[in-house]
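As stored in target11.cif (mmCIF, C-alpha atoms and all ligand atoms):
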```cif
data_model
#
loop_
_atom_site.label_atom_id
_atom_site.label_comp_id
_atom_site.auth_asym_id
_atom_site.auth_seq_id
_atom_site.Cartn_x
_atom_site.Cartn_y
_atom_site.Cartn_z
CA MET A 15 64.71 87.76 -67.43
CA PRO A 16 64.16 87.71 -63.65
CA ARG A 17 66.48 85.53 -61.58
CA ALA A 18 65.32 82.65 -59.42
CA LEU A 19 67.31 82.48 -56.19
CA PRO A 20 67.53 79.67 -53.61
CA PRO A 21 65.77 80.16 -50.24
CA THR A 22 68.88 81.16 -48.27
CA GLU A 23 68.58 83.35 -45.16
CA GLU A 24 69.85 86.27 -47.19
CA ASN A 25 67.42 85.83 -50.08
CA LEU A 26 64.46 85.29 -47.75
CA ALA A 27 65.42 88.47 -45.88
CA GLU A 28 65.47 90.33 -49.20
CA ALA A 29 62.02 88.91 -50.05
CA VAL A 30 60.68 90.07 -46.68
CA ARG A 31 62.22 93.51 -47.15
CA ARG A 32 60.60 93.90 -50.57
CA LEU A 33 57.20 92.70 -49.32
CA LYS A 34 57.29 95.10 -46.36
CA GLU A 35 58.04 97.96 -48.76
CA GLY A 36 54.96 97.21 -50.85
CA GLY A 37 56.79 95.12 -53.45
CA VAL A 38 55.91 91.84 -55.14
CA VAL A 39 57.79 88.55 -54.78
CA ALA A 40 57.25 85.15 -56.42
CA PHE A 41 57.44 82.21 -54.02
CA PRO A 42 56.66 78.48 -54.00
CA THR A 43 53.64 76.85 -52.38
CA GLU A 44 52.79 73.15 -52.32
CA THR A 45 50.27 73.68 -55.17
CA VAL A 46 51.79 76.17 -57.64
CA TYR A 47 54.05 79.26 -57.38
CA GLY A 48 52.41 82.45 -56.14
CA LEU A 49 53.01 86.10 -57.01
CA GLY A 50 52.64 87.73 -53.63
CA GLY A 51 52.23 91.10 -52.00
CA LEU A 52 50.88 92.23 -48.62
CA THR A 53 47.07 91.91 -48.53
CA ARG A 54 46.76 95.27 -46.77
CA ASP A 55 49.14 97.16 -49.07
CA VAL A 56 47.22 98.57 -52.01
CA ARG A 57 50.47 99.37 -53.91
CA ALA A 58 51.44 95.70 -53.88
CA ILE A 59 47.98 94.54 -54.90
CA ARG A 60 47.91 96.93 -57.86
CA ALA A 61 51.39 95.78 -58.92
CA ILE A 62 50.23 92.14 -58.91
CA TYR A 63 47.30 92.87 -61.24
CA GLU A 64 49.54 94.90 -63.50
CA LEU A 65 52.32 92.29 -63.71
CA LYS A 66 49.91 89.42 -64.38
CA GLY A 67 47.67 91.33 -66.77
CA ARG A 68 44.86 90.07 -64.55
CA PRO A 69 41.31 91.38 -65.06
CA ALA A 70 40.41 93.74 -62.21
CA ASP A 71 37.28 91.74 -61.36
CA ASN A 72 39.17 88.55 -60.45
CA PRO A 73 39.88 88.52 -56.67
CA LEU A 74 43.04 87.18 -55.01
CA ILE A 75 43.66 84.48 -52.41
CA ALA A 76 45.14 85.77 -49.14
CA HIS A 77 47.74 83.37 -47.71
CA VAL A 78 47.85 83.12 -43.93
CA LEU A 79 50.09 81.40 -41.41
CA ASP A 80 47.22 79.97 -39.38
CA GLU A 81 43.62 80.24 -38.29
CA SER A 82 44.22 83.31 -36.15
CA MET A 83 45.68 85.23 -39.12
CA ALA A 84 42.72 84.04 -41.21
CA ARG A 85 40.30 85.38 -38.58
CA SER A 86 41.88 88.83 -38.90
CA LEU A 87 40.67 88.94 -42.53
CA ALA A 88 37.20 87.49 -42.07
CA ASP A 89 34.11 89.09 -40.67
CA ARG A 90 32.94 85.66 -39.55
CA PHE A 91 34.97 82.46 -39.15
CA ASP A 92 32.20 80.01 -38.41
CA ASP A 93 32.17 76.49 -37.07
CA ARG A 94 32.51 74.99 -40.56
CA ALA A 95 35.59 77.12 -41.28
CA GLN A 96 37.09 76.09 -37.95
CA ARG A 97 36.57 72.40 -38.56
CA LEU A 98 37.98 72.61 -42.09
CA ALA A 99 41.00 74.61 -40.96
CA ALA A 100 41.68 72.02 -38.25
CA ALA A 101 41.37 69.19 -40.76
CA PHE A 102 43.18 70.59 -43.80
CA TRP A 103 45.44 73.52 -42.85
CA PRO A 104 48.17 74.03 -43.62
CA GLY A 105 47.26 72.67 -47.04
CA PRO A 106 45.58 73.16 -50.43
CA LEU A 107 42.11 74.26 -49.28
CA THR A 108 41.00 77.86 -49.85
CA LEU A 109 37.98 79.12 -47.91
CA VAL A 110 35.84 81.98 -49.22
CA LEU A 111 34.54 83.89 -46.17
CA PRO A 112 32.79 87.21 -45.49
CA ARG A 113 35.51 89.88 -45.68
CA ALA A 114 36.52 91.96 -42.66
CA SER A 115 35.71 95.64 -43.25
CA ASP A 116 39.33 96.82 -42.83
CA VAL A 117 40.67 94.73 -45.73
CA PRO A 118 41.31 96.97 -48.75
CA VAL A 119 38.67 96.36 -51.42
CA GLU A 120 41.46 96.12 -54.03
CA SER A 121 42.59 92.72 -52.70
CA THR A 122 39.14 91.20 -53.18
CA SER A 123 38.17 93.06 -56.37
CA GLY A 124 35.53 94.87 -54.35
CA ARG A 125 33.80 91.68 -53.25
CA PRO A 126 32.22 91.38 -49.82
CA SER A 127 34.06 88.05 -49.44
CA ILE A 128 37.73 87.07 -49.15
CA ALA A 129 39.47 83.82 -50.12
CA VAL A 130 42.02 82.58 -47.54
CA ARG A 131 44.33 79.63 -47.34
CA SER A 132 47.25 78.53 -45.20
CA PRO A 133 49.97 77.02 -47.41
CA SER A 134 52.17 74.16 -46.17
CA HIS A 135 55.29 74.88 -48.21
CA PRO A 136 58.15 75.78 -45.83
CA VAL A 137 59.24 78.80 -47.92
CA ALA A 138 55.72 80.28 -47.96
CA ARG A 139 55.47 79.67 -44.21
CA ARG A 140 58.85 81.28 -43.53
CA LEU A 141 57.73 84.43 -45.37
CA LEU A 142 54.40 84.56 -43.51
CA GLU A 143 56.14 84.00 -40.17
CA SER A 144 58.76 86.70 -40.74
CA ILE A 145 56.19 89.25 -41.87
CA GLY A 146 53.39 88.36 -39.49
CA ALA A 147 50.75 89.56 -41.97
CA PRO A 148 48.72 87.95 -44.78
CA ILE A 149 50.17 87.75 -48.31
CA SER A 150 47.76 87.89 -51.26
CA ALA A 151 49.01 85.84 -54.17
CA PRO A 152 47.47 84.61 -57.37
CA SER A 153 49.27 81.88 -59.28
CA ALA A 154 52.56 83.21 -60.67
CA ASN A 155 51.73 83.10 -64.37
CA ARG A 156 50.57 85.61 -66.94
CA SER A 157 46.78 85.85 -66.78
CA GLY A 158 45.04 82.98 -68.61
CA HIS A 159 48.24 80.99 -69.03
CA ILE A 160 49.17 77.72 -67.33
CA SER A 161 50.14 78.03 -63.65
CA ALA A 162 53.85 77.72 -62.90
CA THR A 163 55.04 74.76 -60.84
CA ARG A 164 58.77 75.51 -61.24
CA ALA A 165 60.73 78.71 -60.63
CA ALA A 166 61.99 78.60 -64.23
CA ASP A 167 58.40 78.71 -65.51
CA VAL A 168 57.70 81.82 -63.40
CA ALA A 169 60.81 83.44 -64.89
CA ALA A 170 59.65 82.55 -68.41
CA ASP A 171 56.18 84.08 -67.90
CA PHE A 172 57.61 87.29 -66.43
CA ALA A 173 60.61 87.54 -68.75
CA GLY A 174 60.00 91.29 -69.10
CA ALA A 175 60.14 91.93 -65.33
CA GLY A 176 63.90 91.81 -64.87
CA ASP A 177 63.87 92.86 -61.21
CA LEU A 178 61.18 90.45 -60.03
CA LEU A 179 62.56 88.34 -57.16
CA ILE A 180 61.66 84.65 -57.47
CA ILE A 181 62.45 82.40 -54.53
CA ASP A 182 63.17 78.94 -55.94
CA GLY A 183 61.77 76.31 -53.60
CA GLY A 184 61.98 73.48 -56.13
CA ASP A 185 59.13 71.83 -58.01
CA CYS A 186 55.67 72.13 -56.43
CA ALA A 187 54.70 68.79 -54.90
CA LEU A 188 50.99 68.83 -55.82
CA GLY A 189 51.06 70.73 -59.11
CA LEU A 190 47.37 71.77 -59.23
CA GLU A 191 45.82 74.87 -57.67
CA SER A 192 44.00 74.62 -54.35
CA THR A 193 40.37 73.60 -53.90
CA VAL A 194 38.30 76.79 -53.54
CA LEU A 195 35.32 76.36 -51.22
CA ASP A 196 32.69 79.08 -50.80
CA LEU A 197 31.44 79.26 -47.21
CA THR A 198 29.46 82.49 -47.55
CA GLY A 199 26.16 80.73 -48.19
CA ALA A 200 24.11 78.23 -46.20
CA VAL A 201 25.38 75.34 -48.33
CA PRO A 202 29.14 75.17 -48.93
CA ARG A 203 30.07 75.17 -52.59
CA VAL A 204 33.23 74.03 -54.39
CA LEU A 205 34.08 76.83 -56.83
CA ARG A 206 37.25 75.17 -58.09
CA PRO A 207 38.09 71.49 -57.54
CA GLY A 208 41.58 70.67 -56.26
CA THR A 209 43.47 67.85 -54.56
CA ILE A 210 41.19 68.05 -51.52
CA SER A 211 38.00 66.47 -52.87
CA ALA A 212 34.40 67.54 -52.25
CA ALA A 213 33.96 64.16 -50.53
CA ALA A 214 36.83 64.89 -48.14
CA VAL A 215 35.30 68.29 -47.31
CA SER A 216 31.89 66.73 -46.94
CA ALA A 217 33.24 64.16 -44.46
CA VAL A 218 34.11 67.09 -42.17
CA ILE A 219 31.16 69.50 -42.59
CA GLY A 220 28.37 67.58 -44.35
CA PRO A 221 26.78 68.19 -47.78
CA VAL A 222 28.68 70.30 -50.28
CA GLU A 223 27.62 71.54 -53.74
CA SER A 224 29.96 71.67 -56.71
CA SER A 225 29.86 74.20 -59.52
CA THR A 226 30.70 72.91 -62.96
CA VAL A 227 33.16 74.55 -65.31
CA HIS A 228 30.32 76.40 -67.02
CA GLN A 229 28.69 77.96 -63.92
CA GLN A 230 31.34 80.57 -63.54
CA SER A 231 29.84 83.71 -62.09
CA ALA A 232 30.83 82.94 -58.48
CA SER A 233 34.55 82.74 -59.20
CA PRO A 234 35.61 84.77 -62.21
CA GLY A 235 39.08 83.21 -62.40
CA THR A 236 37.54 79.88 -63.21
CA ALA A 237 36.51 81.03 -66.71
CA PRO A 238 36.19 78.00 -68.98
CA ARG A 239 39.37 78.67 -70.91
CA HIS A 240 42.04 79.13 -68.31
CA TYR A 241 45.23 77.30 -67.46
CA ALA A 242 45.68 77.09 -71.24
CA PRO A 243 48.71 76.64 -73.49
CA GLN A 244 49.15 78.97 -76.50
CA THR A 245 49.03 76.07 -78.94
CA ARG A 246 45.54 74.76 -79.66
CA ALA A 247 44.91 71.72 -77.45
CA ARG A 248 42.33 68.95 -77.73
CA LEU A 249 41.35 65.85 -75.80
CA THR A 250 41.28 62.49 -77.56
CA SER A 251 41.14 58.80 -76.68
CA ASP A 252 43.70 56.10 -77.49
CA ALA A 253 41.23 54.69 -80.04
CA GLU A 254 40.56 58.04 -81.75
CA LEU A 255 44.16 59.21 -81.74
CA VAL A 256 44.99 58.00 -85.25
CA THR A 257 42.17 60.04 -86.75
CA ALA A 258 42.81 63.02 -84.46
CA LEU A 259 46.44 63.42 -85.61
CA PRO A 260 46.77 66.13 -88.26
CA SER A 261 47.88 65.09 -91.73
CA GLY A 262 50.27 66.63 -94.25
CA SER A 263 53.06 68.71 -92.78
CA ALA A 264 51.13 69.63 -89.61
CA ARG A 265 52.74 68.36 -86.41
CA ALA A 266 51.13 67.32 -83.15
CA VAL A 267 52.58 66.81 -79.69
CA VAL A 268 50.68 64.07 -77.86
CA LEU A 269 50.43 63.89 -74.07
CA GLY A 270 49.81 60.14 -73.85
CA PHE A 271 50.89 57.12 -71.90
CA ALA A 272 53.64 54.53 -72.38
CA ARG A 273 51.23 52.45 -74.48
CA THR A 274 50.34 55.34 -76.84
CA ARG A 275 51.69 54.84 -80.39
CA VAL A 276 52.83 58.00 -82.17
CA SER A 277 55.17 58.20 -85.15
CA PRO A 278 57.06 61.13 -86.72
CA PRO A 279 56.56 63.95 -87.45
CA HIS A 280 54.37 63.76 -84.35
CA GLU A 281 55.91 63.54 -80.89
CA LEU A 282 54.86 61.75 -77.73
CA ILE A 283 55.27 63.04 -74.19
CA VAL A 284 54.75 60.07 -71.84
CA MET A 285 52.59 61.01 -68.85
CA PRO A 286 52.65 59.12 -65.51
CA GLU A 287 50.01 56.45 -64.91
CA ARG A 288 49.29 57.45 -61.32
CA ASP A 289 46.97 60.34 -60.56
CA HIS A 290 49.17 62.27 -58.13
CA GLU A 291 52.22 61.97 -60.39
CA TYR A 292 50.16 63.02 -63.40
CA ALA A 293 48.87 66.04 -61.45
CA ALA A 294 52.38 67.02 -60.34
CA SER A 295 53.77 66.97 -63.89
CA LEU A 296 50.78 68.15 -65.94
CA TYR A 297 51.67 71.86 -66.16
CA VAL A 298 55.35 71.18 -66.82
CA CYS A 299 54.36 68.81 -69.64
CA LEU A 300 51.83 71.26 -71.11
CA ARG A 301 54.47 73.99 -71.05
CA ASN A 302 56.98 71.62 -72.71
CA ALA A 303 54.44 70.67 -75.36
CA ASP A 304 53.73 74.36 -75.98
CA ARG A 305 57.45 75.04 -76.57
CA ARG A 306 57.67 72.49 -79.39
CA GLU A 307 55.80 74.90 -81.65
CA ALA A 308 53.56 72.18 -83.00
CA ASN A 309 50.24 72.84 -84.73
CA LEU A 310 48.25 70.93 -82.15
CA ILE A 311 48.55 69.42 -78.68
CA LEU A 312 46.56 66.19 -78.31
CA ILE A 313 45.91 64.93 -74.80
CA VAL A 314 44.94 61.28 -74.37
CA THR A 315 42.06 61.37 -71.89
CA PRO A 316 43.20 59.77 -68.63
CA PRO A 317 40.93 57.63 -66.45
CA ALA A 318 38.36 59.32 -64.19
CA THR A 319 38.56 56.68 -61.50
CA SER A 320 39.50 58.85 -58.51
CA PRO A 321 38.56 62.32 -57.25
CA LEU A 322 42.04 63.52 -58.18
CA TRP A 323 41.63 62.23 -61.74
CA GLN A 324 38.35 64.17 -61.87
CA THR A 325 40.19 67.34 -60.82
CA ILE A 326 42.77 66.63 -63.53
CA HIS A 327 39.86 66.36 -66.01
CA ASP A 328 38.66 69.79 -64.88
CA ARG A 329 42.07 71.31 -65.72
CA LEU A 330 42.27 69.38 -69.02
CA ARG A 331 38.85 70.74 -70.01
CA ARG A 332 40.01 74.27 -69.26
CA ALA A 333 43.25 73.75 -71.20
CA THR A 334 41.34 72.53 -74.25
CA GLU A 335 38.33 74.86 -74.15
CA VAL A 336 37.97 76.75 -77.42
CA GLN A 337 38.46 80.47 -76.82
CA GLY A 338 34.97 81.95 -76.77
O1 LIG A 401 46.80 76.90 -55.06
C1 LIG A 401 46.40 78.06 -55.19
O2 LIG A 401 45.26 78.41 -54.88
C2 LIG A 401 47.40 79.08 -55.77
C3 LIG A 401 48.54 79.27 -54.77
C4 LIG A 401 49.50 80.36 -55.18
O3 LIG A 401 48.00 79.50 -53.50
N1 LIG A 401 46.74 80.33 -56.04
C5 LIG A 401 45.86 80.47 -57.07
O4 LIG A 401 45.40 81.76 -57.19
O5 LIG A 401 45.55 79.57 -57.81
P1 LIG A 401 44.58 82.29 -58.46
O6 LIG A 401 44.43 83.73 -58.26
O7 LIG A 401 45.27 81.83 -59.69
O8 LIG A 401 43.19 81.60 -58.32
C6 LIG A 401 42.34 82.01 -57.26
C7 LIG A 401 40.94 81.59 -57.55
C8 LIG A 401 40.38 82.36 -58.71
O9 LIG A 401 39.57 81.47 -59.47
C9 LIG A 401 39.53 83.44 -58.04
O10 LIG A 401 38.47 83.88 -58.85
C10 LIG A 401 39.04 82.68 -56.82
O11 LIG A 401 40.14 81.89 -56.41
N2 LIG A 401 38.69 83.63 -55.74
C11 LIG A 401 39.53 84.44 -55.06
N3 LIG A 401 38.84 85.21 -54.19
C12 LIG A 401 37.54 84.88 -54.33
C13 LIG A 401 36.33 85.34 -53.72
N4 LIG A 401 36.33 86.31 -52.79
N5 LIG A 401 35.17 84.77 -54.11
C14 LIG A 401 35.15 83.80 -55.05
N6 LIG A 401 36.26 83.33 -55.67
C15 LIG A 401 37.43 83.86 -55.31
MG MG A 402 45.65 81.36 -61.54
#
```

For this file, write the structure as structure tokens.
Ligand code: TXA
Ligand code: MG
Amino acid sequence: MPRALPPTEENLAEAVRRLKEGGVVAFPTETVYGLGGLTRDVRAIRAIYELKGRPADNPLIAHVLDESMARSLADRFDDRAQRLAAAFWPGPLTLVLPRASDVPVESTSGRPSIAVRSPSHPVARRLLESIGAPISAPSANRSGHISATRAADVAADFAGAGDLLIIDGGDCALGLESTVLDLTGAVPRVLRPGTISAAAVSAVIGPVESSTVHQQSASPGTAPRHYAPQTRARLTSDAELVTALPSGSARAVVLGFARTRVSPPHELIVMPERDHEYAASLYVCLRNADRREANLILIVTPPATSPLWQTIHDRLRRATEVQG
């Protein structure tokens, strides 16, 4: 099992040393943990795909310190990108831009575009500052599994990689992956919703399109079933819960609210009522539910009354999508 180490000077220096040598390091961001390697080092990029078991056609996000580092990766950083970077960076907004020709094709799965974002987490920023070069990092989970929002969850997913260095920066504050916005076309398009809403983006650059979960060709990593627990999971309502619970000896774990009534052998995990708290704890709770080795995870559908709740719904749909 890999060890998670605190972000001391010494451990950060070790992370920088490994990255500079073409290695891979897991580190915290404000959204979820990332599994990073230098964008321009093909050895590191290959190691990331291998460790994650990630399909070769799913491109990576390059993390940058600031706009000027982002410009070094993009063939064009237009006015819209500039305004969005000024409004939301550092933060959970990823921009898909035309790729600069000197970026290795491996880090974008051969695509003519590259996804870039500037994270706000101090540990991610320290690494980027010390190295002075972009770090490509997908979420630090095995491919198809739930993203990791705690160092311990990264360690659990990569239990076989004993020498993986994980910098433990505590629990991720936001808990959901960044908003991915495609700026390669005339009309900007949200490929993956996140905590920065389409409305917030639209307030800065005008009309924005949104792809739904089932229009997936633009962003392969947003396949319908993604961010999923191993145990079968289903959405239900408070009213339908009684009939949704399995009978006989089958056991369910319910992600509900304080008001939800569940009796043994079924178990209740009480979720927060507020959208940002729900978002921050969702993946931890799904991982906990998965560990109970129940027959079924039932998720009581939360409200859809804010953009963040709608993003939460997107992740719940992906977690409960039947494997196709
Ligand atoms: O919050 C986040 O975005 C986290 C942290 C670590 O930054 N990263 C993350 O990476 O969620 P990953 O690899 O799990 O998801 C990246 C998403 C995938 O859906 C991928 O297909 C999409 O971004 N993506 C990356 N490059 C792209 C490109 N050139 N064009 C379209 N989609 C792209
Ligand atoms: Mg991911």

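As for CA of Leu141 (chain A) and CA of Leu26 (chain A), they are spaced 7.2 Å apart.
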
### Task
Rounded to one decimal place, report the CA of Leu255 (chain A)-CA of Pro316 (chain A) distance in Å.
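These two atoms are separated by 13.2 Å.
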
Per-residue nearest contacts chain A to ligand LIG 401 (chain A), cut-off 7 Å, using all atoms listed in the file, as a tab-separated table:
```
residue	atom	partner	partner_atom	distance
A:Thr43	CA	A:LIG401	C4	6.1
A:Thr45	CA	A:LIG401	O1	4.7
A:Val46	CA	A:LIG401	C3	5.3
A:Tyr47	CA	A:LIG401	C4	5.2
A:Gly48	CA	A:LIG401	C4	3.7
A:Leu49	CA	A:LIG401	C4	7.0
A:Asn72	CA	A:LIG401	O10	5.0
A:Pro73	CA	A:LIG401	N3	4.3
A:Leu74	CA	A:LIG401	C11	4.5
A:Ile75	CA	A:LIG401	C11	4.9
A:His77	CA	A:LIG401	O3	7.0
A:Pro106	CA	A:LIG401	O1	6.1
A:Thr108	CA	A:LIG401	O2	6.6
A:Val110	CA	A:LIG401	N4	5.6
A:Thr122	CA	A:LIG401	N4	5.7
A:Arg125	CA	A:LIG401	N4	6.0
A:Ser127	CA	A:LIG401	N4	4.4
A:Ile128	CA	A:LIG401	N4	4.0
A:Ala129	CA	A:LIG401	N3	4.3
A:Pro133	CA	A:LIG401	O3	6.9
A:Ala151	CA	A:LIG401	C4	5.6
A:Pro152	CA	A:LIG401	O6	3.3
A:Ser153	CA	A:LIG401	O7	4.0
A:Ala154	CA	A:LIG401	C4	6.9
A:Leu190	CA	A:LIG401	O1	6.6
A:Glu191	CA	A:LIG401	O1	3.4
A:Ser192	CA	A:LIG401	O1	3.7
A:Thr193	CA	A:LIG401	O2	6.9
A:Val194	CA	A:LIG401	O11	6.1
A:Asp196	CA	A:LIG401	C14	6.8
A:Leu205	CA	A:LIG401	N6	7.0
A:Arg206	CA	A:LIG401	O9	6.9
A:Ala232	CA	A:LIG401	C14	5.6
A:Ser233	CA	A:LIG401	N6	4.0
A:Pro234	CA	A:LIG401	O10	4.5
A:Gly235	CA	A:LIG401	O9	3.4
A:Thr236	CA	A:LIG401	O9	4.5
```

#### Entry: Proximity to ligand MG 402 (chain A) - best of A:Lys66, A:Arg301, A:Arg273, A:Arg54, only C-alpha atoms and all ligand atoms
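Looking at the shortest contact to ligand MG 402 (chain A), the residue is A:Lys66.
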
### Message
When you look at Thr209 (chain A) with a cut-off of 12 Å (counting all atoms listed in the file), what residues show up, excluding the ones that are within fewer than 5 positions of it in the same chain? I need them as a PyMOL selection string.
### Response
chain A and resi 44-45+102+105-108+187-194+204+214-215+289-290+293-294+320-326+328-329

### Query
Using all atoms listed in the file, which of A:Val268, A:Leu282, A:Ala333, A:Leu178 sits nearest Leu312 (chain A)?
A:Val268

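Counting from CA of Ser261 (chain A), the distance to CA of Ala308 (chain A) is 12.6 Å.
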
### Task
Take the point (47.7, 84.1, -67.1) in the file's coordinates, draw a sphere of radius 9 Å around it, and report as a ChimeraX atom specification every protein, DNA or RNA residue with an atom inside or on it, counting all atoms listed in the file.
/A:66-68,153-161,171,240-242

#### Entry: Nearest candidate to Ser150 (chain A) (options A:Asp304, A:Glu64, A:Glu120, A:Asp182; using only C-alpha atoms)
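The closest residue to Ser150 (chain A) is A:Glu120.
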
#### Entry: Polymer residues at most 10 Å from region 83-94 of chain A, all atoms listed in the file, same-chain spacing of 2 or more positions, as a PyMOL selection string
chain A and resi 53-54+76-81+96-100+109-117+126-132+142+146-148+197-198+202+215+218-220

### Message
Let me make sure I understand: among A:Gly183, A:Pro279, A:Pro21, A:Pro69, which one has the smallest atom-to-atom distance to Ala166 (chain A) if we use all atoms listed in the file?
### Response
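Closest residue, counting all atoms listed in the file: A:Gly183.
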
#### Entry: Proximity to ligand MG 402 (chain A) - best of A:Cys299, A:Ile313, A:Glu287, A:Thr163, only C-alpha atoms and all ligand atoms
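Going through A:Cys299, A:Ile313, A:Glu287, A:Thr163 one by one, the smallest distance to ligand MG 402 (chain A) is for A:Thr163.
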
### Query
Counting all atoms listed in the file, which of A:Glu307, A:Glu24, A:Glu223, A:Asp185 gets nearest to Val201 (chain A)?
A:Glu223

Neighbourhood query: residues within 9 Å of (49.5, 93.2, -57.2), file coordinates, counting all atoms listed in the file; return as a PDB file with C-alpha atoms, in the coordinates of the input.
```pdb
ATOM      1  CA  GLY A  37      56.790  95.120 -53.450  1.00  0.00           C
ATOM      2  CA  VAL A  38      55.910  91.840 -55.140  1.00  0.00           C
ATOM      3  CA  LEU A  49      53.010  86.100 -57.010  1.00  0.00           C
ATOM      4  CA  GLY A  50      52.640  87.730 -53.630  1.00  0.00           C
ATOM      5  CA  GLY A  51      52.230  91.100 -52.000  1.00  0.00           C
ATOM      6  CA  LEU A  52      50.880  92.230 -48.620  1.00  0.00           C
ATOM      7  CA  VAL A  56      47.220  98.570 -52.010  1.00  0.00           C
ATOM      8  CA  ARG A  57      50.470  99.370 -53.910  1.00  0.00           C
ATOM      9  CA  ALA A  58      51.440  95.700 -53.880  1.00  0.00           C
ATOM     10  CA  ILE A  59      47.980  94.540 -54.900  1.00  0.00           C
ATOM     11  CA  ARG A  60      47.910  96.930 -57.860  1.00  0.00           C
ATOM     12  CA  ALA A  61      51.390  95.780 -58.920  1.00  0.00           C
ATOM     13  CA  ILE A  62      50.230  92.140 -58.910  1.00  0.00           C
ATOM     14  CA  TYR A  63      47.300  92.870 -61.240  1.00  0.00           C
ATOM     15  CA  GLU A  64      49.540  94.900 -63.500  1.00  0.00           C
ATOM     16  CA  LEU A  65      52.320  92.290 -63.710  1.00  0.00           C
ATOM     17  CA  LYS A  66      49.910  89.420 -64.380  1.00  0.00           C
ATOM     18  CA  SER A 121      42.590  92.720 -52.700  1.00  0.00           C
ATOM     19  CA  SER A 150      47.760  87.890 -51.260  1.00  0.00           C
ATOM     20  CA  ALA A 151      49.010  85.840 -54.170  1.00  0.00           C
ATOM     21  CA  PRO A 152      47.470  84.610 -57.370  1.00  0.00           C
TER      22      PRO A 152
END
```

Can you report as lines of an AutoDock Vina configuration file the centre and edge lengths in Å, to one decimal, of an axis-aligned box around the listed atoms of region 207-214 of chain A padded with 5 Å on each side?
```
center_x = 38.7
center_y = 67.8
center_z = -52.8
size_x = 19.5
size_y = 17.3
size_z = 19.4
```

Quick test: take region 95-143 of chain A, keep C-alpha atoms, and write it as a PDB file, in the first residue's frame.
```
ATOM      1  CA  ALA A  95     -10.069  32.226 -22.467  1.00  0.00           C
ATOM      2  CA  GLN A  96      -8.460  35.382 -21.093  1.00  0.00           C
ATOM      3  CA  ARG A  97     -11.655  36.650 -19.548  1.00  0.00           C
ATOM      4  CA  LEU A  98     -12.469  33.262 -18.013  1.00  0.00           C
ATOM      5  CA  ALA A  99      -8.950  32.843 -16.632  1.00  0.00           C
ATOM      6  CA  ALA A 100      -9.182  36.310 -15.067  1.00  0.00           C
ATOM      7  CA  ALA A 101     -12.563  35.491 -13.540  1.00  0.00           C
ATOM      8  CA  PHE A 102     -12.074  31.909 -12.350  1.00  0.00           C
ATOM      9  CA  TRP A 103      -8.369  31.021 -12.070  1.00  0.00           C
ATOM     10  CA  PRO A 104      -6.977  29.693  -9.925  1.00  0.00           C
ATOM     11  CA  GLY A 105     -10.043  27.490  -9.551  1.00  0.00           C
ATOM     12  CA  PRO A 106     -12.154  24.573 -10.798  1.00  0.00           C
ATOM     13  CA  LEU A 107     -12.589  25.590 -14.455  1.00  0.00           C
ATOM     14  CA  THR A 108     -10.850  23.581 -17.184  1.00  0.00           C
ATOM     15  CA  LEU A 109     -10.562  25.157 -20.640  1.00  0.00           C
ATOM     16  CA  VAL A 110     -10.220  23.007 -23.761  1.00  0.00           C
ATOM     17  CA  LEU A 111      -8.063  24.969 -26.237  1.00  0.00           C
ATOM     18  CA  PRO A 112      -6.261  24.279 -29.525  1.00  0.00           C
ATOM     19  CA  ARG A 113      -3.044  22.451 -28.577  1.00  0.00           C
ATOM     20  CA  ALA A 114       0.397  23.953 -29.178  1.00  0.00           C
ATOM     21  CA  SER A 115       2.338  21.846 -31.697  1.00  0.00           C
ATOM     22  CA  ASP A 116       5.236  21.104 -29.300  1.00  0.00           C
ATOM     23  CA  VAL A 117       3.042  19.346 -26.711  1.00  0.00           C
ATOM     24  CA  PRO A 118       3.538  15.569 -26.943  1.00  0.00           C
ATOM     25  CA  VAL A 119       0.492  13.938 -28.521  1.00  0.00           C
ATOM     26  CA  GLU A 120       0.501  11.353 -25.709  1.00  0.00           C
ATOM     27  CA  SER A 121      -0.729  13.914 -23.162  1.00  0.00           C
ATOM     28  CA  THR A 122      -3.807  14.738 -25.228  1.00  0.00           C
ATOM     29  CA  SER A 123      -4.484  11.245 -26.613  1.00  0.00           C
ATOM     30  CA  GLY A 124      -3.571  12.562 -30.037  1.00  0.00           C
ATOM     31  CA  ARG A 125      -6.220  15.276 -29.992  1.00  0.00           C
ATOM     32  CA  PRO A 126      -5.616  18.650 -31.604  1.00  0.00           C
ATOM     33  CA  SER A 127      -6.882  20.254 -28.377  1.00  0.00           C
ATOM     34  CA  ILE A 128      -5.581  20.399 -24.803  1.00  0.00           C
ATOM     35  CA  ALA A 129      -7.479  20.806 -21.526  1.00  0.00           C
ATOM     36  CA  VAL A 130      -5.847  23.232 -19.054  1.00  0.00           C
ATOM     37  CA  ARG A 131      -6.684  24.427 -15.602  1.00  0.00           C
ATOM     38  CA  SER A 132      -4.968  26.359 -12.834  1.00  0.00           C
ATOM     39  CA  PRO A 133      -5.709  24.718  -9.467  1.00  0.00           C
ATOM     40  CA  SER A 134      -6.055  26.794  -6.280  1.00  0.00           C
ATOM     41  CA  HIS A 135      -4.912  24.198  -3.754  1.00  0.00           C
ATOM     42  CA  PRO A 136      -1.685  25.415  -2.108  1.00  0.00           C
ATOM     43  CA  VAL A 137       0.048  22.018  -2.478  1.00  0.00           C
ATOM     44  CA  ALA A 138      -0.708  21.832  -6.213  1.00  0.00           C
ATOM     45  CA  ARG A 139       0.513  25.417  -6.594  1.00  0.00           C
ATOM     46  CA  ARG A 140       3.710  24.738  -4.652  1.00  0.00           C
ATOM     47  CA  LEU A 141       4.524  21.838  -6.991  1.00  0.00           C
ATOM     48  CA  LEU A 142       3.808  23.916 -10.113  1.00  0.00           C
ATOM     49  CA  GLU A 143       5.873  26.816  -8.779  1.00  0.00           C
TER      50      GLU A 143
END
```
